[in-house]
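Undergrad: File model_17.txt follows (compact mmCIF, C-alpha atoms):
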# COMPACT_ATOMS: atom_id res chain seq x y z
CA MET U 8 144.76 -64.40 12.85
CA LYS U 9 144.26 -64.08 16.59
CA LYS U 10 142.68 -60.63 16.92
CA ILE U 11 140.38 -59.01 14.35
CA LEU U 12 138.50 -55.72 14.42
CA ILE U 13 135.58 -54.86 12.11
CA ILE U 14 134.62 -51.20 11.73
CA GLN U 15 131.23 -49.95 10.53
CA THR U 16 130.18 -46.67 12.14
CA ALA U 17 127.43 -45.79 9.66
CA PHE U 18 123.69 -46.31 10.11
CA LEU U 19 121.81 -49.25 11.59
CA GLY U 20 121.16 -51.01 8.27
CA ASP U 21 124.82 -50.71 7.32
CA VAL U 22 125.81 -52.51 10.51
CA VAL U 23 123.38 -55.34 9.76
CA LEU U 24 124.90 -55.65 6.28
CA ALA U 25 128.35 -55.86 7.88
CA THR U 26 127.44 -59.02 9.81
CA PRO U 27 128.31 -61.39 6.92
CA VAL U 28 131.93 -60.24 7.25
CA ALA U 29 131.90 -61.21 10.92
CA GLU U 30 130.27 -64.55 10.08
CA LYS U 31 132.82 -65.35 7.40
CA LEU U 32 135.83 -64.35 9.47
CA HIS U 33 134.56 -66.48 12.33
CA ARG U 34 134.23 -69.45 9.98
CA ILE U 35 137.76 -68.93 8.60
CA PHE U 36 139.39 -68.12 11.96
CA PRO U 37 137.19 -69.91 14.54
CA THR U 38 139.50 -69.24 17.48
CA ALA U 39 140.14 -65.58 16.70
CA GLU U 40 138.88 -62.83 18.98
CA ILE U 41 136.60 -60.70 16.79
CA ASP U 42 135.63 -57.20 17.93
CA PHE U 43 133.35 -54.59 16.35
CA LEU U 44 133.34 -50.79 16.33
CA LEU U 45 130.01 -49.06 15.70
CA ARG U 46 128.20 -45.83 16.49
CA LYS U 47 126.15 -45.40 19.64
CA GLY U 48 122.58 -46.61 19.19
CA ASN U 49 123.43 -49.69 17.12
CA GLU U 50 125.03 -51.80 19.85
CA GLY U 51 121.72 -53.51 20.66
CA LEU U 52 122.13 -55.60 17.52
CA PHE U 53 124.90 -57.57 19.23
CA THR U 54 123.58 -58.16 22.74
CA ASP U 55 124.88 -61.56 23.94
CA HIS U 56 126.33 -62.26 20.49
CA PRO U 57 127.77 -65.80 20.33
CA PHE U 58 131.23 -64.92 19.04
CA LEU U 59 131.81 -61.16 19.01
CA ARG U 60 133.98 -60.29 21.99
CA THR U 61 134.22 -56.52 22.49
CA ILE U 62 131.80 -53.97 21.05
CA TYR U 63 133.36 -50.51 20.86
CA ILE U 64 130.65 -47.83 20.95
CA TRP U 65 131.47 -44.45 19.46
CA ASP U 66 129.30 -41.64 20.82
CA ARG U 67 129.26 -39.14 17.97
CA LYS U 68 126.87 -36.69 19.61
CA THR U 69 128.78 -35.86 22.79
CA ASN U 70 132.51 -35.05 22.72
CA LYS U 71 132.73 -36.69 19.30
CA TYR U 72 136.47 -36.39 18.71
CA LYS U 73 137.47 -36.93 22.32
CA ASN U 74 135.53 -40.21 22.27
CA LEU U 75 137.11 -41.15 18.95
CA LEU U 76 140.63 -40.69 20.36
CA HIS U 77 139.70 -42.65 23.48
CA ILE U 78 138.57 -45.59 21.34
CA LEU U 79 141.66 -45.32 19.17
CA ASN U 80 143.88 -45.66 22.26
CA LYS U 81 142.05 -48.84 23.24
CA ILE U 82 142.38 -50.24 19.73
CA ARG U 83 146.09 -49.44 19.53
CA HIS U 84 146.62 -51.20 22.85
CA CYS U 85 145.01 -54.39 21.49
CA ARG U 86 147.48 -54.72 18.58
CA TYR U 87 145.06 -56.34 16.14
CA ASP U 88 146.29 -58.71 13.48
CA LEU U 89 143.63 -57.45 11.09
CA VAL U 90 141.38 -54.39 10.92
CA VAL U 91 138.59 -54.51 8.32
CA ASN U 92 137.03 -51.10 7.70
CA LEU U 93 133.68 -51.17 5.88
CA HIS U 94 133.05 -47.46 6.38
CA ARG U 95 134.14 -44.97 3.72
CA PHE U 96 134.56 -41.80 5.74
CA GLY U 97 137.47 -40.10 7.43
CA SER U 98 136.73 -40.89 11.06
CA SER U 99 136.89 -44.66 10.60
CA GLY U 100 139.80 -44.31 8.18
CA PHE U 101 141.75 -42.36 10.80
CA ILE U 102 141.24 -45.15 13.35
CA THR U 103 142.22 -47.81 10.80
CA ALA U 104 145.34 -45.98 9.63
CA PHE U 105 146.61 -45.37 13.17
CA SER U 106 145.40 -48.64 14.75
CA LYS U 107 148.88 -50.23 14.83
CA ALA U 108 147.28 -53.35 13.33
CA THR U 109 149.48 -55.73 11.36
CA HIS U 110 147.07 -55.71 8.40
CA THR U 111 144.47 -53.09 7.52
CA VAL U 112 141.99 -53.19 4.66
CA GLY U 113 139.22 -50.89 3.47
CA PHE U 114 137.64 -49.26 0.44
CA ASN U 115 139.62 -46.91 -1.76
CA LYS U 116 137.01 -44.15 -1.28
CA ASN U 117 138.08 -43.73 2.33
CA PRO U 118 140.27 -40.60 2.52
CA PHE U 119 142.79 -42.44 4.72
CA SER U 120 142.95 -45.55 2.50
CA LEU U 121 146.42 -44.59 1.23
CA PHE U 122 147.66 -45.62 4.67
CA PHE U 123 145.90 -49.02 4.68
CA SER U 124 147.79 -52.23 3.95
CA LYS U 125 145.26 -52.97 1.22
CA ARG U 126 142.70 -50.85 -0.63
CA ILE U 127 139.76 -52.40 -2.48
CA LYS U 128 137.89 -50.55 -5.19
CA HIS U 129 134.40 -49.59 -4.12
CA ILE U 130 131.93 -50.34 -6.90
CA ILE U 131 128.37 -49.03 -6.80
CA GLY U 132 125.90 -47.85 -9.39
CA LEU U 133 123.20 -48.96 -11.78
CA LYS U 134 125.71 -50.68 -14.10
CA ASN U 135 127.45 -52.57 -11.29
CA THR U 136 124.71 -54.34 -9.38
CA LEU U 137 126.75 -55.90 -6.60
CA HIS U 138 124.84 -56.29 -3.37
CA GLU U 139 126.33 -54.45 -0.41
CA ILE U 140 127.13 -57.73 1.34
CA ASP U 141 129.24 -58.75 -1.67
CA ARG U 142 131.03 -55.40 -1.71
CA ASN U 143 131.78 -55.85 1.98
CA GLN U 144 132.99 -59.42 1.61
CA SER U 145 135.33 -58.36 -1.21
CA LEU U 146 137.47 -56.80 1.54
CA ILE U 147 138.29 -60.26 2.90
CA ALA U 148 138.33 -62.17 -0.39
CA GLU U 149 141.95 -63.21 0.13
CA TYR U 150 140.94 -65.20 3.19
CA GLY U 151 139.03 -68.47 2.83
CA ASN U 152 136.98 -69.34 -0.24
CA ALA U 153 134.33 -67.58 -2.31
CA GLU U 154 131.41 -68.73 -0.15
CA ARG U 155 128.80 -66.00 0.21
CA PHE U 156 127.70 -65.31 3.76
CA MET U 157 124.35 -63.72 4.57
CA PRO U 158 123.41 -61.17 7.25
CA CYS U 159 122.80 -62.78 10.62
CA LEU U 160 121.42 -61.59 13.96
CA TYR U 161 120.88 -63.65 17.10
CA PRO U 162 117.64 -62.90 18.98
CA SER U 163 117.55 -64.88 22.22
CA GLU U 164 114.88 -67.27 23.45
CA GLN U 165 113.85 -64.51 25.85
CA ASP U 166 113.32 -62.17 22.92
CA PHE U 167 111.03 -64.71 21.22
CA LEU U 168 109.23 -65.43 24.51
CA LYS U 169 108.46 -61.74 24.98
CA ILE U 170 106.94 -61.60 21.51
CA ARG U 171 104.88 -64.77 22.04
CA ASN U 172 103.42 -63.20 25.17
CA LYS U 173 102.37 -60.09 23.25
CA VAL U 174 101.18 -61.45 19.90
CA LYS U 175 99.07 -64.58 19.85
CA GLY U 176 97.62 -64.97 16.35
CA ASP U 177 98.53 -64.61 12.69
CA TYR U 178 100.20 -61.23 12.20
CA ILE U 179 102.13 -59.00 9.86
CA CYS U 180 104.60 -56.21 10.63
CA ILE U 181 104.69 -52.75 9.12
CA ALA U 182 107.70 -50.46 9.52
CA PRO U 183 106.29 -47.26 8.02
CA ALA U 184 109.00 -44.71 8.74
CA SER U 185 112.37 -43.73 7.32
CA VAL U 186 114.92 -41.05 8.12
CA TRP U 187 114.58 -39.89 4.50
CA PHE U 188 111.31 -38.55 3.11
CA THR U 189 111.86 -39.95 -0.39
CA LYS U 190 112.52 -43.44 0.99
CA GLN U 191 109.32 -43.47 3.02
CA PHE U 192 106.07 -44.79 1.59
CA PRO U 193 103.58 -41.94 2.03
CA LYS U 194 101.11 -41.98 4.89
CA GLU U 195 98.14 -41.99 2.48
CA LYS U 196 99.52 -45.06 0.68
CA TRP U 197 100.03 -46.96 3.94
CA ILE U 198 96.40 -46.22 4.83
CA GLU U 199 95.35 -47.40 1.38
CA LEU U 200 97.16 -50.69 1.99
CA LEU U 201 95.82 -51.11 5.53
CA LYS U 202 92.23 -50.78 4.34
CA ILE U 203 92.55 -53.76 1.97
CA LEU U 204 94.45 -56.14 4.23
CA PRO U 205 92.62 -59.23 5.55
CA GLU U 206 90.73 -58.27 8.71
CA SER U 207 91.79 -61.52 10.40
CA LEU U 208 95.42 -60.42 10.50
CA GLU U 209 96.86 -58.56 13.44
CA VAL U 210 99.03 -55.64 12.31
CA CYS U 211 102.16 -54.92 14.36
CA PHE U 212 103.69 -51.50 13.78
CA ILE U 213 107.42 -51.28 14.48
CA GLY U 214 109.96 -48.49 14.62
CA ALA U 215 111.79 -46.13 16.92
CA ASP U 216 110.11 -44.09 19.64
CA SER U 217 110.10 -41.16 17.22
CA ASP U 218 107.86 -43.21 14.90
CA LYS U 219 105.18 -43.82 17.52
CA VAL U 220 102.98 -40.89 16.50
CA LEU U 221 103.04 -41.85 12.81
CA CYS U 222 102.15 -45.46 13.65
CA GLN U 223 99.24 -44.36 15.84
CA GLU U 224 97.97 -42.03 13.12
CA LEU U 225 98.01 -44.93 10.65
CA ILE U 226 96.02 -47.08 13.07
CA ASP U 227 93.47 -44.36 13.80
CA GLU U 228 93.00 -43.05 10.27
CA SER U 229 92.82 -46.48 8.63
CA GLY U 230 90.37 -47.89 11.14
CA CYS U 231 92.67 -50.88 11.57
CA VAL U 232 91.60 -51.74 15.11
CA ASN U 233 93.34 -55.13 15.14
CA SER U 234 96.72 -53.46 15.60
CA ILE U 235 99.54 -53.08 18.10
CA ASN U 236 101.81 -50.04 18.13
CA PHE U 237 105.22 -51.44 19.08
CA ALA U 238 107.16 -48.32 18.00
CA GLY U 239 109.66 -47.53 20.74
CA GLU U 240 108.51 -50.53 22.79
CA LEU U 241 110.90 -53.23 21.53
CA ASN U 242 114.70 -53.35 21.39
CA LEU U 243 116.44 -54.29 18.16
CA LEU U 244 116.66 -58.03 18.77
CA GLU U 245 113.06 -58.20 20.02
CA THR U 246 112.07 -56.46 16.80
CA ALA U 247 114.03 -59.08 14.85
CA ALA U 248 112.22 -61.84 16.76
CA LEU U 249 108.85 -60.25 15.97
CA MET U 250 109.70 -59.98 12.27
CA LYS U 251 111.03 -63.55 12.12
CA ASN U 252 107.64 -65.14 12.81
CA ALA U 253 105.47 -62.62 10.95
CA ARG U 254 103.45 -63.79 7.98
CA MET U 255 104.87 -60.77 6.12
CA ASN U 256 106.92 -57.66 6.87
CA TYR U 257 106.20 -54.50 4.90
CA VAL U 258 109.18 -52.17 4.99
CA ASN U 259 110.77 -49.22 3.23
CA ASP U 260 114.29 -49.24 1.78
CA SER U 261 115.64 -48.89 5.31
CA ALA U 262 117.05 -50.73 8.32
CA PRO U 263 114.01 -52.97 9.03
CA MET U 264 114.42 -54.52 5.58
CA HIS U 265 117.96 -55.57 6.48
CA ILE U 266 116.88 -56.83 9.91
CA ALA U 267 114.35 -59.02 8.11
CA SER U 268 117.14 -60.37 5.90
CA ALA U 269 119.27 -61.10 8.96
CA VAL U 270 116.64 -63.45 10.42
CA ASN U 271 115.42 -64.71 7.01
CA ALA U 272 111.96 -63.26 7.61
CA PRO U 273 109.45 -62.86 4.75
CA VAL U 274 109.63 -59.30 3.48
CA SER U 275 107.92 -56.94 1.06
CA ALA U 276 110.32 -54.06 0.38
CA ILE U 277 109.04 -50.77 -0.99
CA PHE U 278 111.44 -48.73 -3.10
CA CYS U 279 110.32 -45.18 -3.79
CA SER U 280 113.12 -42.88 -4.99
CA THR U 281 115.88 -45.50 -4.70
CA VAL U 282 116.29 -48.77 -6.60
CA PRO U 283 117.44 -52.27 -5.62
CA ALA U 284 120.18 -52.12 -8.25
CA PHE U 285 122.25 -49.97 -5.89
CA GLY U 286 122.81 -53.17 -3.90
CA PHE U 287 120.61 -52.76 -0.85
CA GLY U 288 117.70 -55.05 -1.72
CA PRO U 289 116.13 -57.72 0.52
CA LEU U 290 117.92 -61.06 0.91
CA SER U 291 115.32 -63.27 2.62
CA ASP U 292 114.24 -66.49 0.94
CA ILE U 293 110.71 -65.08 0.69
CA LYS U 294 111.00 -61.56 -0.66
CA TYR U 295 109.07 -59.14 -2.83
CA VAL U 296 110.09 -55.76 -4.20
CA PHE U 297 107.45 -53.13 -4.91
CA GLU U 298 108.29 -50.07 -6.97
CA THR U 299 106.62 -47.87 -9.54
CA GLU U 300 105.88 -49.36 -12.93
CA GLU U 301 105.97 -45.92 -14.54
CA LYS U 302 109.02 -44.84 -16.52
CA LEU U 303 110.16 -41.82 -14.57
CA ASP U 304 113.20 -39.98 -15.90
CA CYS U 305 113.89 -38.64 -12.42
CA ARG U 306 114.18 -42.07 -10.77
CA PRO U 307 116.47 -42.87 -9.10
CA CYS U 308 117.17 -39.32 -8.01
CA GLY U 309 120.16 -40.39 -5.91
CA LEU U 310 121.88 -43.17 -4.05
CA HIS U 311 120.32 -42.08 -0.76
CA GLY U 312 117.07 -40.40 0.11
CA PHE U 313 116.19 -36.71 0.24
CA MET U 314 114.16 -34.65 2.71
CA ARG U 315 111.72 -33.83 -0.11
CA CYS U 316 111.05 -34.89 -3.67
CA PRO U 317 113.37 -32.86 -5.96
CA GLU U 318 110.60 -32.74 -8.59
CA ASN U 319 107.86 -31.89 -6.08
CA HIS U 320 105.53 -34.71 -7.15
CA PHE U 321 106.87 -37.90 -5.47
CA GLU U 322 105.28 -39.96 -8.21
CA CYS U 323 107.76 -42.79 -7.62
CA ALA U 324 105.87 -43.48 -4.38
CA TYR U 325 102.29 -42.50 -5.17
CA SER U 326 102.18 -44.71 -8.29
CA ILE U 327 103.03 -47.96 -6.44
CA ASP U 328 100.14 -50.43 -6.61
CA THR U 329 98.93 -51.33 -3.10
CA ASP U 330 96.61 -54.04 -4.46
CA LYS U 331 99.68 -55.98 -5.61
CA MET U 332 101.25 -55.44 -2.21
CA ALA U 333 98.24 -57.00 -0.51
CA ASP U 334 98.16 -59.89 -2.98
CA VAL U 335 101.29 -61.48 -1.45
CA LEU U 336 99.18 -62.46 1.54
CA LYS U 337 96.78 -64.59 -0.52
Would you mind giving the structure from this file in structure tokens?
TA:
Amino acid sequence: MKKILIIQTAFLGDVVLATPVAEKLHRIFPTAEIDFLLRKGNEGLFTDHPFLRTIYIWDRKTNKYKNLLHILNKIRHCRYDLVVNLHRFGSSGFITAFSKATHTVGFNKNPFSLFFSKRIKHIIGLKNTLHEIDRNQSLIAEYGNAERFMPCLYPSEQDFLKIRNKVKGDYICIAPASVWFTKQFPKEKWIELLKILPESLEVCFIGADSDKVLCQELIDESGCVNSINFAGELNLLETAALMKNARMNYVNDSAPMHIASAVNAPVSAIFCSTVPAFGFGPLSDIKYVFETEEKLDCRPCGLHGFMRCPENHFECAYSIDTDKMADVLK
């Protein structure tokens, strides 16, 4: 293989969980040119990446289909030997099917998979507890051996230097927000946790610019004065660098959990409406999962989150024990 394209145009966490495919293909084909197609907003994960060549950025918000066709023309011109499509929706399937690549592979749930060279069955559910990285690597199982590759990001020395200049002592990170309400630990529970954390620890709040208000409210309402609100202040690789050297990272079932995995940072992952059995749990060497100990018939209520609790009680979140969450720091 001389030219390989990986496609994952889903959310930020999905792109992080696609990195083991890039790592494995690079190990198998060390001289191959490996490119990556992702959605706009996620490209910061691969700044100055050591072996990814071209990053195609699909802007889905402005001239969505015009941009898609423009990228397709570039891809067709490259004549890839292999296109690996990790995304299961029509847009990426269309690009894969019409890429003019010698070999194309993707999941059978993609509506264009009939036109791929190879289709792999997509297995997910409580009875099939494959991790997402294993599902993804099943697409390239015919190449190389069965070695399992982990997520990997590459913060630079400059990224670590910036963090060292901002945070001097022993610290933890908290990523309190999520796109989905039922994946987000409630504000009251975060405050409950913050009030029992060791006072000697600095608390670094991380997230997007849109999370800045929530983070500041948590600082103000918890009385946690030894805090820094980094929401919207750090790029993705700087965030990874910050998480890498934290004593602990408290995260929801969301992208920051996967960023922690990609730099092998210690992580405490909170699962409210979703469950790790779906295959999106933490992968760091030091990892904890916190979820309700109550037997709730409504949990999990779906593979992804919802904008509100379908049962209007959100007990899967409110019944999580914050004392046990704080105990991991002892």
Undergrad: Residues at most 10 Å from region 143-153 of chain U, counting only C-alpha atoms, excluding those fewer than 4 positions away in the same chain, as an MDAnalysis selection string?
TA: chainID U and resid 24:29 31:32 34:36 91:94 111:114 125:129 137:139
Undergrad: Using all atoms listed in the file, tabulate the residues of region 77-188 of chain U lying at most 9 Å from any atom of region 234-243 of chain U, each with its closest atom pair and that distance in Å to one decimal, by chain and increasing residue number, as JSON lines.
TA:
{"residue": "U:Pro162", "atom": "CA", "partner": "U:Leu243", "partner_atom": "CA", "distance": 8.7}
{"residue": "U:Val174", "atom": "CA", "partner": "U:Ile235", "partner_atom": "CA", "distance": 8.7}
{"residue": "U:Ala182", "atom": "CA", "partner": "U:Ala238", "partner_atom": "CA", "distance": 8.8}
Undergrad: Store the residues picked out above, limited to C-alpha atoms, as a PDB file, in the coordinates of the input.
TA:
ATOM      1  CA  PRO U 162     117.640 -62.900  18.980  1.00  0.00           C
ATOM      2  CA  VAL U 174     101.180 -61.450  19.900  1.00  0.00           C
ATOM      3  CA  ALA U 182     107.700 -50.460   9.520  1.00  0.00           C
TER       4      ALA U 182
END
Undergrad: Please determine, counting only C-alpha atoms, which residue among U:Lys81, U:Arg67, U:His265, U:Arg142 has the shortest atom-to-atom distance to Leu19 (chain U).
TA: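 Using only C-alpha atoms, the shortest distance to Leu19 (chain U) belongs to U:His265.
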Undergrad: Hey, can you check how far CA of Ile140 (chain U) sits from CA of Phe285 (chain U)?
TA: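 It comes out at 11.7 Å.
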Undergrad: When distances are computed from all atoms listed in the file, which of U:Cys222, U:Ile131, U:Cys211, U:Leu52 shows the smallest separation from Pro183 (chain U)?
TA: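 Between U:Cys222, U:Ile131, U:Cys211, U:Leu52, the residue approaching Pro183 (chain U) most closely is U:Cys222.
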